[in-house]
>>> print(open('query_9.txt').read())   # compact mmCIF, C-alpha atoms
# COMPACT_ATOMS: atom_id res chain seq x y z
CA MET A 1 0.00 0.00 0.00
CA SER A 2 1.34 3.44 -0.88
CA VAL A 3 0.39 6.79 0.59
CA PHE A 4 0.43 9.94 -1.58
CA ASP A 5 1.50 13.15 0.15
CA PRO A 6 -0.30 16.08 -1.50
CA TYR A 7 2.08 18.64 0.02
CA SER A 8 5.32 17.15 -1.24
CA GLN A 9 3.59 15.62 -4.24
CA LYS A 10 5.45 12.41 -3.57
CA GLN A 11 4.69 8.94 -2.39
CA GLN A 12 5.39 8.52 1.27
CA PRO A 13 7.38 5.54 2.38
CA ALA A 14 5.19 2.97 4.00
CA MET A 15 5.49 2.95 7.78
CA PRO A 16 3.46 0.06 9.09
CA GLY A 17 1.43 1.06 12.07
CA LEU A 18 1.79 4.77 11.34
CA ASN A 19 0.52 5.43 7.86
CA THR A 20 -0.50 1.92 6.88
CA GLY A 21 -2.72 -0.39 8.79
CA SER A 22 -0.68 -3.15 10.33
CA GLN A 23 1.32 -3.94 13.40
CA THR A 24 3.84 -1.24 14.18
CA GLN A 25 7.51 -1.99 13.63
CA VAL A 26 8.70 1.19 15.21
CA SER A 27 10.73 0.60 18.33
CA THR A 28 10.51 3.01 21.20
CA MET A 29 14.26 2.41 21.70
CA VAL A 30 14.02 3.14 25.37
CA PRO A 31 14.30 0.76 28.32
CA VAL A 32 10.95 -0.23 29.67
CA ASP A 33 10.20 -0.65 33.36
CA ILE A 34 8.83 -4.05 34.25
CA ASP A 35 7.26 -5.46 37.35
CA GLY A 36 9.66 -7.28 39.64
CA ILE A 37 13.17 -8.35 38.77
CA ARG A 38 14.08 -9.91 35.46
CA THR A 39 15.03 -13.54 35.29
CA ASN A 40 18.68 -14.18 36.19
CA ARG A 41 18.98 -10.71 37.66
CA TYR A 42 18.36 -11.74 41.25
CA ARG A 43 20.92 -11.04 43.91
CA SER A 44 22.05 -14.31 45.41
CA GLY A 45 21.19 -14.60 49.07
CA ALA A 46 23.59 -17.52 49.51
CA LEU A 47 26.54 -15.49 48.27
CA SER A 48 25.38 -12.54 50.32
CA ALA A 49 25.51 -14.82 53.36
CA LEU A 50 28.79 -16.50 52.50
CA ALA A 51 30.74 -13.29 52.01
CA PRO A 52 30.30 -11.91 55.55
CA PHE A 53 30.73 -15.42 56.96
CA LEU A 54 34.13 -15.64 55.29
CA GLY A 55 35.06 -12.31 56.80
CA TYR A 56 33.90 -13.34 60.26
CA CYS A 57 35.74 -16.67 60.00
CA SER A 58 38.96 -14.97 58.95
CA VAL A 59 38.78 -12.70 62.02
CA VAL A 60 38.07 -15.64 64.35
CA LEU A 61 40.73 -17.81 62.75
CA ALA A 62 43.36 -15.09 62.87
CA ALA A 63 42.61 -14.48 66.54
CA ALA A 64 42.72 -18.20 67.30
CA MET A 65 46.02 -18.57 65.45
CA GLY A 66 47.54 -15.66 67.30
CA LEU A 67 46.42 -16.95 70.68
CA ALA A 68 47.55 -20.48 69.85
CA GLY A 69 50.98 -19.26 68.82
CA LEU A 70 51.25 -17.19 71.98
CA ALA A 71 50.18 -20.12 74.16
CA GLY A 72 52.56 -22.45 72.37
CA ARG A 73 55.51 -20.14 72.86
CA ALA A 74 54.62 -19.66 76.51
CA LEU A 75 54.45 -23.40 77.06
CA CYS A 76 57.78 -23.80 75.28
CA LEU A 77 59.42 -21.22 77.52
CA GLU A 78 58.11 -23.05 80.57
CA GLY A 79 59.54 -26.29 79.26
CA ARG A 80 56.16 -27.97 79.06
CA LEU A 81 56.12 -28.41 75.32
CA ASP A 82 58.46 -29.91 72.77
CA ALA A 83 57.02 -29.22 69.36
CA ALA A 84 57.73 -27.38 66.15
CA VAL A 85 56.37 -24.17 67.59
CA CYS A 86 59.37 -23.97 69.91
CA GLU A 87 61.71 -23.66 66.91
CA ALA A 88 59.42 -21.54 64.77
CA GLU A 89 60.31 -17.95 64.01
CA PRO A 90 58.20 -15.60 66.13
CA SER A 91 57.66 -13.43 63.08
CA GLN A 92 55.97 -16.34 61.35
CA LEU A 93 53.61 -16.76 64.27
CA VAL A 94 52.64 -13.12 63.91
CA LEU A 95 52.64 -12.72 60.15
CA LEU A 96 50.55 -15.76 59.33
CA PRO A 97 47.53 -14.69 61.42
CA ALA A 98 47.91 -11.21 59.99
CA ALA A 99 47.95 -12.62 56.46
CA VAL A 100 44.90 -14.76 57.20
CA LEU A 101 43.07 -11.73 58.50
CA PHE A 102 44.08 -9.58 55.54
CA PHE A 103 43.39 -12.01 52.73
CA GLY A 104 40.22 -13.31 54.34
CA LEU A 105 38.79 -9.83 54.60
CA VAL A 106 39.95 -8.90 51.10
CA PHE A 107 38.38 -11.96 49.49
CA ALA A 108 35.22 -11.50 51.55
CA THR A 109 34.97 -7.88 50.47
CA ILE A 110 35.50 -8.76 46.82
CA GLY A 111 32.98 -11.58 46.99
CA GLY A 112 30.40 -9.45 48.75
CA SER A 113 30.86 -6.58 46.34
CA LEU A 114 30.47 -8.81 43.31
CA ALA A 115 27.42 -10.48 44.83
CA LYS A 116 25.89 -7.06 45.37
CA LYS A 117 26.48 -6.28 41.70
CA ARG A 118 24.76 -9.57 40.78
CA ARG A 119 27.95 -11.10 39.38
CA ALA A 120 27.47 -14.49 40.93
CA SER A 121 30.26 -16.35 39.16
CA GLY A 122 32.91 -13.80 40.06
CA SER A 123 31.66 -13.66 43.61
CA LEU A 124 31.75 -17.43 43.88
CA VAL A 125 35.33 -17.55 42.59
CA ALA A 126 36.44 -14.92 45.10
CA LEU A 127 34.76 -16.74 47.98
CA VAL A 128 36.20 -20.11 46.97
CA LEU A 129 39.66 -18.58 46.77
CA GLY A 130 39.17 -17.06 50.20
CA VAL A 131 38.03 -20.33 51.74
CA ALA A 132 40.92 -22.19 50.10
CA ALA A 133 43.38 -19.62 51.43
CA LEU A 134 42.01 -20.00 54.96
CA VAL A 135 42.08 -23.81 54.80
CA LEU A 136 45.62 -23.97 53.43
CA ALA A 137 46.88 -21.41 55.95
CA THR A 138 45.26 -23.33 58.80
CA GLN A 139 46.78 -26.60 57.69
CA TRP A 140 50.23 -25.07 57.29
CA PHE A 141 49.95 -23.37 60.66
CA SER A 142 48.93 -26.60 62.34
CA THR A 143 51.37 -28.99 60.72
CA THR A 144 54.44 -26.88 60.05
CA LEU A 145 54.45 -24.00 62.47
CA LEU A 146 52.79 -25.51 65.53
CA GLY A 147 53.29 -29.20 65.00
CA LEU A 148 50.26 -29.60 67.22
CA PRO A 149 46.56 -30.25 66.72
CA PHE A 150 44.78 -27.06 65.76
CA PRO A 151 42.00 -26.09 66.09
CA MET B 152 4.47 13.25 7.29
CA PRO B 153 7.57 13.93 5.18
CA PRO B 154 10.14 11.18 5.12
CA GLY B 155 13.17 11.70 7.29
CA GLN B 156 11.28 13.38 10.08
CA PRO B 157 11.70 11.86 13.55
CA VAL B 158 8.81 9.69 14.52
CA THR B 159 7.27 10.13 17.93
CA VAL B 160 5.44 7.09 19.17
CA VAL B 161 3.30 7.13 22.26
CA ASN B 162 3.83 3.96 24.23
CA THR B 163 0.43 2.56 25.06
CA MET B 164 1.41 -1.07 25.64
CA THR B 165 0.95 -2.72 28.97
CA ARG B 166 3.94 -3.28 31.21
CA GLU B 167 3.76 -7.03 30.93
CA SER B 168 3.69 -6.94 27.16
CA ASP B 169 6.59 -4.51 27.20
CA ALA B 170 8.59 -6.90 29.33
CA ALA B 171 7.88 -9.75 26.97
CA ALA B 172 8.81 -7.59 24.00
CA ALA B 173 12.05 -6.58 25.69
CA GLY B 174 13.03 -10.21 26.02
CA GLY B 175 12.72 -10.47 29.77
CA GLN B 176 10.17 -12.38 31.73
CA PRO B 177 8.37 -10.29 34.30
CA ALA B 178 9.20 -11.82 37.65
CA GLN B 179 6.30 -12.44 39.92
CA ARG B 180 6.80 -10.64 43.21
CA SER B 181 5.89 -13.33 45.65
CA ASN B 182 4.92 -12.53 49.15
CA VAL B 183 7.13 -13.81 51.92
CA PRO B 184 4.97 -13.29 54.98
CA GLY B 185 6.76 -13.62 58.25
CA LEU B 186 10.25 -13.85 56.81
CA GLY B 187 11.25 -10.51 58.23
CA LEU B 188 10.04 -11.54 61.66
CA LEU B 189 11.79 -14.90 61.31
CA THR B 190 15.05 -13.16 60.43
CA PHE B 191 14.69 -10.82 63.38
CA VAL B 192 14.03 -13.74 65.71
CA LEU B 193 17.10 -15.50 64.31
CA VAL B 194 19.34 -12.54 65.05
CA VAL B 195 17.88 -12.09 68.53
CA GLY B 196 18.20 -15.82 69.18
CA ALA B 197 21.84 -15.82 68.12
CA ILE B 198 22.58 -12.89 70.42
CA ALA B 199 20.73 -14.57 73.27
CA PHE B 200 22.57 -17.84 72.67
CA ALA B 201 25.90 -16.03 72.76
CA ALA B 202 25.00 -13.97 75.83
CA PHE B 203 23.27 -16.54 78.01
CA VAL B 204 24.56 -19.95 76.93
CA ALA B 205 27.90 -19.73 75.16
CA ARG B 206 29.23 -17.19 77.62
CA ASP B 207 28.96 -19.72 80.46
CA TRP B 208 30.67 -22.38 78.36
CA VAL B 209 33.56 -20.06 77.57
CA ALA B 210 33.87 -19.15 81.24
CA ASP B 211 33.90 -22.83 82.21
CA TRP B 212 36.56 -23.58 79.62
CA GLY B 213 38.66 -20.65 80.82
CA ARG B 214 38.41 -21.82 84.40
CA SER B 215 39.45 -25.35 83.43
CA VAL B 216 42.69 -24.30 81.71
CA GLY B 217 44.49 -23.16 84.85
CA PRO B 218 43.98 -26.33 86.94
CA CYS B 219 44.84 -28.46 83.92
CA LEU B 220 48.16 -26.66 83.46
CA ASP B 221 48.84 -26.87 87.18
CA GLY B 222 48.26 -30.60 86.97
CA GLY B 223 51.10 -31.02 84.52
CA GLY B 224 49.14 -30.69 81.31
CA ALA B 225 50.33 -28.76 78.29
CA TRP B 226 48.80 -28.29 74.87
CA GLU B 227 45.89 -30.62 75.60
CA CYS B 228 44.70 -28.12 78.19
CA VAL B 229 44.37 -25.40 75.55
CA VAL B 230 43.14 -27.33 72.51
CA ASN B 231 40.78 -30.18 73.28
CA ASP B 232 37.25 -31.32 72.55
CA ALA B 233 35.81 -28.89 75.06
CA SER B 234 37.53 -25.95 73.40
CA ARG B 235 36.17 -27.05 70.05
CA THR B 236 32.58 -27.68 71.11
CA GLN B 237 32.21 -25.01 73.79
CA LEU B 238 34.40 -22.25 72.43
CA LEU B 239 34.93 -22.49 68.70
CA LEU B 240 31.67 -24.07 67.59
CA PRO B 241 29.37 -21.58 69.36
CA ILE B 242 31.32 -18.68 67.86
CA VAL B 243 31.09 -20.15 64.38
CA ALA B 244 27.40 -20.96 64.84
CA VAL B 245 26.53 -17.45 65.98
CA LEU B 246 28.45 -15.92 63.08
CA ALA B 247 26.80 -18.36 60.68
CA ALA B 248 23.41 -17.36 62.06
CA PHE B 249 24.20 -13.69 61.50
CA SER B 250 25.37 -14.40 57.95
CA LEU B 251 22.34 -16.53 57.12
CA ALA B 252 20.09 -13.83 58.53
CA ARG B 253 21.71 -11.44 56.11
CA GLY B 254 21.13 -13.84 53.25
CA ALA B 255 17.51 -14.26 54.30
CA GLY B 256 17.14 -10.50 54.42
CA VAL B 257 18.48 -10.17 50.89
CA GLU B 258 16.01 -12.77 49.66
CA ARG B 259 13.17 -11.09 51.53
CA GLN B 260 13.87 -7.82 49.76
CA GLN B 261 13.50 -9.66 46.46
CA GLY B 262 10.39 -11.48 47.54
CA ARG B 263 11.90 -14.95 47.22
CA GLY B 264 10.79 -17.76 49.46
CA ILE B 265 14.22 -19.37 49.66
CA GLY B 266 14.92 -16.89 52.42
CA TYR B 267 12.93 -19.19 54.72
CA LEU B 268 15.52 -21.90 54.06
CA TYR B 269 18.38 -19.62 55.03
CA ALA B 270 16.63 -18.60 58.22
CA LEU B 271 15.93 -22.23 59.11
CA LEU B 272 19.58 -23.11 58.43
CA GLY B 273 20.57 -20.40 60.87
CA PHE B 274 18.34 -21.88 63.54
CA ALA B 275 19.76 -25.32 62.74
CA ALA B 276 23.32 -24.05 63.20
CA LEU B 277 22.42 -22.66 66.61
CA ALA B 278 20.64 -25.88 67.58
CA VAL B 279 23.58 -28.06 66.57
CA ALA B 280 26.02 -25.85 68.46
CA TRP B 281 23.77 -25.91 71.50
CA SER B 282 23.33 -29.67 71.50
CA LEU B 283 27.02 -30.46 70.96
CA GLY B 284 28.13 -27.92 73.51
CA ALA B 285 25.68 -29.15 76.11
CA ALA B 286 26.71 -32.75 75.54
CA ALA B 287 30.41 -32.00 76.02
>>> encode(input="query_9.txt", output="structure tokens")
Amino acid sequence: MSVFDPYSQKQQPAMPGLNTGSQTQVSTMVPVDIDGIRTNRYRSGALSALAPFLGYCSVVLAAAMGLAGLAGRALCLEGRLDAAVCEAEPSQLVLLPAAVLFFGLVFATIGGSLAKKRRASGSLVALVLGVAALVLATQWFSTTLLGLPFP
Amino acid sequence: MPPGQPVTVVNTMTRESDAAAAGGQPAQRSNVPGLGLLTFVLVVGAIAFAAFVARDWVADWGRSVGPCLDGGGAWECVVNDASRTQLLLPIVAVLAAFSLARGAGVERQQGRGIGYLYALLGFAALAVAWSLGAAA
């Protein structure tokens, strides 16, 4: 169907839905508000729970490591204990809890921030890395530095 | 209308049809009645557990370390089953309850029922810590 424009004396281009009778093909080209949240755009509650839990655990673990190192050294000085902690460098007994605290909080912050931005995969990777760092640090602290059961 | 002129279109479609046209499915905002109250009770319960139950366990553990060391003990006085179940586990359970309450709160804001599961997991963590600590 063609439309003749008497002012320009030309045939108008057919614009379905505007000057011809059919379904419009003109896009509004603007984002449209919808009810609720779109599919796959939810914020994960599990990741939002895991991120602060990782941070809390890193604080508790760092405190427990520091106290355990202090108690181990005290028992060594009193001659009650004969374990690897007696030969361990004191700086290691201080730096490892500090590193656990730092990296645990950093990974928890990254994971929580990504979860808040609805980037679930990145958040999950950050949290898994944080948990792995805490587990490996705890094992190394227990077997190598202390030489004692911990925790 | 001359060709080349900008076209102004008044949007008269419904919001649901817009969402379908935009490629996204309109999510149904489900009601989660009582989830906010459940989350609040979880947080209050965790605080009460820490203040009235775990505090006594920690005090008992602290009082047991001195006599154990005086009796010739060493590392086993500091790290033992009692320290795990009456010191470490309650702390972890309370922190887990706080974290799960946060997760439940996030789900409640989005109207998702899975928040109930997180809240119940928080109560379960407190219950497990309580039972193991009381049995030690």
>>> atom_distance(input="query_9.txt", atom1="CA of Ala276 (chain B)", atom2="CA of Pro241 (chain B)")
9.0 Å
>>> atom_distance(input="query_9.txt", atom1="CA of Leu95 (chain A)", atom2="CA of Thr109 (chain A)")
20.7 Å
>>> closest_residue(input="query_9.txt", among="A:Leu148, A:Ala133, A:Ala99, A:Ala84", to="Val229 (chain B)", atoms="all atoms listed in the file")
A:Leu148
>>> residues_around(input="query_9.txt", residues="Leu146 (chain A)", least_positions_apart="2", cutoff="9 Å", atoms="only C-alpha atoms", output="JSON, numbers by chain")
{"A": [68, 69, 72, 83, 84, 85, 86, 88, 93, 140, 141, 142, 143, 144, 148, 149, 150]}
>>> atom_distance(input="query_9.txt", atom1="CA of Leu61 (chain A)", atom2="CA of Thr138 (chain A)")
8.2 Å
>>> residues_around(input="query_9.txt", residues="region 208-222 of chain B", least_positions_apart="5", cutoff="10 Å", atoms="all atoms listed in the file", output="ChimeraX atom specification")
/A:75,80 /B:201,203,227-230,233-234,236-239,241,284-285,287
>>> closest_residue(input="query_9.txt", among="B:Gly187, B:Ala225, B:Leu240, B:Arg206", to="Pro151 (chain A)", atoms="only C-alpha atoms")
B:Leu240
>>> closest_residue(input="query_9.txt", among="A:Ser113, A:Ser123, A:Gln12, A:Gln139", to="chain B", atoms="all atoms listed in the file")
A:Gln12
>>> residues_around(input="query_9.txt", residues="region 189-191 of chain B", least_positions_apart="2", cutoff="7 Å", atoms="all atoms listed in the file", output="list of chain:residue names")
B:Gly185, B:Leu186, B:Gly187, B:Leu193, B:Val194, B:Val195, B:Ala252, B:Ala255, B:Gly256, B:Ala270
>>> residues_near_point(input="query_9.txt", point="(35.7, -11.6, 55.5)", cutoff="8 Å", atoms="all atoms listed in the file", output="list in words")
Ala51, Pro52, Phe53, Leu54, Gly55, Tyr56, Cys57, Ser58, Val59, Leu101, Gly104, Leu105, Val106, Phe107, Ala108 and Thr109 of chain A
>>> closest_residue(input="query_9.txt", among="B:Ser282, B:Gln260, B:Ser250, B:Asn182", to="chain A", atoms="only C-alpha atoms")
B:Ser250
>>> residues_around(input="query_9.txt", residues="Ser121 (chain A)", least_positions_apart="5", cutoff="10 Å", atoms="all atoms listed in the file", output="list in words")
Leu47, Gly111, Leu114, Ala115, Ala126 and Leu127 of chain A
>>> decode(input="query_9.txt", residues="region 39-136 of chain A", atoms="C-alpha atoms", output="short mmCIF file (atom, residue, chain, number, x, y, z; two decimals), in the first residue's frame")
data_model
loop_
_atom_site.label_atom_id
_atom_site.label_comp_id
_atom_site.auth_asym_id
_atom_site.auth_seq_id
_atom_site.Cartn_x
_atom_site.Cartn_y
_atom_site.Cartn_z
CA THR A 39 15.03 -13.54 35.29
CA ASN A 40 18.68 -14.18 36.19
CA ARG A 41 18.98 -10.71 37.66
CA TYR A 42 18.36 -11.74 41.25
CA ARG A 43 20.92 -11.04 43.91
CA SER A 44 22.05 -14.31 45.41
CA GLY A 45 21.19 -14.60 49.07
CA ALA A 46 23.59 -17.52 49.51
CA LEU A 47 26.54 -15.49 48.27
CA SER A 48 25.38 -12.54 50.32
CA ALA A 49 25.51 -14.82 53.36
CA LEU A 50 28.79 -16.50 52.50
CA ALA A 51 30.74 -13.29 52.01
CA PRO A 52 30.30 -11.91 55.55
CA PHE A 53 30.73 -15.42 56.96
CA LEU A 54 34.13 -15.64 55.29
CA GLY A 55 35.06 -12.31 56.80
CA TYR A 56 33.90 -13.34 60.26
CA CYS A 57 35.74 -16.67 60.00
CA SER A 58 38.96 -14.97 58.95
CA VAL A 59 38.78 -12.70 62.02
CA VAL A 60 38.07 -15.64 64.35
CA LEU A 61 40.73 -17.81 62.75
CA ALA A 62 43.36 -15.09 62.87
CA ALA A 63 42.61 -14.48 66.54
CA ALA A 64 42.72 -18.20 67.30
CA MET A 65 46.02 -18.57 65.45
CA GLY A 66 47.54 -15.66 67.30
CA LEU A 67 46.42 -16.95 70.68
CA ALA A 68 47.55 -20.48 69.85
CA GLY A 69 50.98 -19.26 68.82
CA LEU A 70 51.25 -17.19 71.98
CA ALA A 71 50.18 -20.12 74.16
CA GLY A 72 52.56 -22.45 72.37
CA ARG A 73 55.51 -20.14 72.86
CA ALA A 74 54.62 -19.66 76.51
CA LEU A 75 54.45 -23.40 77.06
CA CYS A 76 57.78 -23.80 75.28
CA LEU A 77 59.42 -21.22 77.52
CA GLU A 78 58.11 -23.05 80.57
CA GLY A 79 59.54 -26.29 79.26
CA ARG A 80 56.16 -27.97 79.06
CA LEU A 81 56.12 -28.41 75.32
CA ASP A 82 58.46 -29.91 72.77
CA ALA A 83 57.02 -29.22 69.36
CA ALA A 84 57.73 -27.38 66.15
CA VAL A 85 56.37 -24.17 67.59
CA CYS A 86 59.37 -23.97 69.91
CA GLU A 87 61.71 -23.66 66.91
CA ALA A 88 59.42 -21.54 64.77
CA GLU A 89 60.31 -17.95 64.01
CA PRO A 90 58.20 -15.60 66.13
CA SER A 91 57.66 -13.43 63.08
CA GLN A 92 55.97 -16.34 61.35
CA LEU A 93 53.61 -16.76 64.27
CA VAL A 94 52.64 -13.12 63.91
CA LEU A 95 52.64 -12.72 60.15
CA LEU A 96 50.55 -15.76 59.33
CA PRO A 97 47.53 -14.69 61.42
CA ALA A 98 47.91 -11.21 59.99
CA ALA A 99 47.95 -12.62 56.46
CA VAL A 100 44.90 -14.76 57.20
CA LEU A 101 43.07 -11.73 58.50
CA PHE A 102 44.08 -9.58 55.54
CA PHE A 103 43.39 -12.01 52.73
CA GLY A 104 40.22 -13.31 54.34
CA LEU A 105 38.79 -9.83 54.60
CA VAL A 106 39.95 -8.90 51.10
CA PHE A 107 38.38 -11.96 49.49
CA ALA A 108 35.22 -11.50 51.55
CA THR A 109 34.97 -7.88 50.47
CA ILE A 110 35.50 -8.76 46.82
CA GLY A 111 32.98 -11.58 46.99
CA GLY A 112 30.40 -9.45 48.75
CA SER A 113 30.86 -6.58 46.34
CA LEU A 114 30.47 -8.81 43.31
CA ALA A 115 27.42 -10.48 44.83
CA LYS A 116 25.89 -7.06 45.37
CA LYS A 117 26.48 -6.28 41.70
CA ARG A 118 24.76 -9.57 40.78
CA ARG A 119 27.95 -11.10 39.38
CA ALA A 120 27.47 -14.49 40.93
CA SER A 121 30.26 -16.35 39.16
CA GLY A 122 32.91 -13.80 40.06
CA SER A 123 31.66 -13.66 43.61
CA LEU A 124 31.75 -17.43 43.88
CA VAL A 125 35.33 -17.55 42.59
CA ALA A 126 36.44 -14.92 45.10
CA LEU A 127 34.76 -16.74 47.98
CA VAL A 128 36.20 -20.11 46.97
CA LEU A 129 39.66 -18.58 46.77
CA GLY A 130 39.17 -17.06 50.20
CA VAL A 131 38.03 -20.33 51.74
CA ALA A 132 40.92 -22.19 50.10
CA ALA A 133 43.38 -19.62 51.43
CA LEU A 134 42.01 -20.00 54.96
CA VAL A 135 42.08 -23.81 54.80
CA LEU A 136 45.62 -23.97 53.43
#
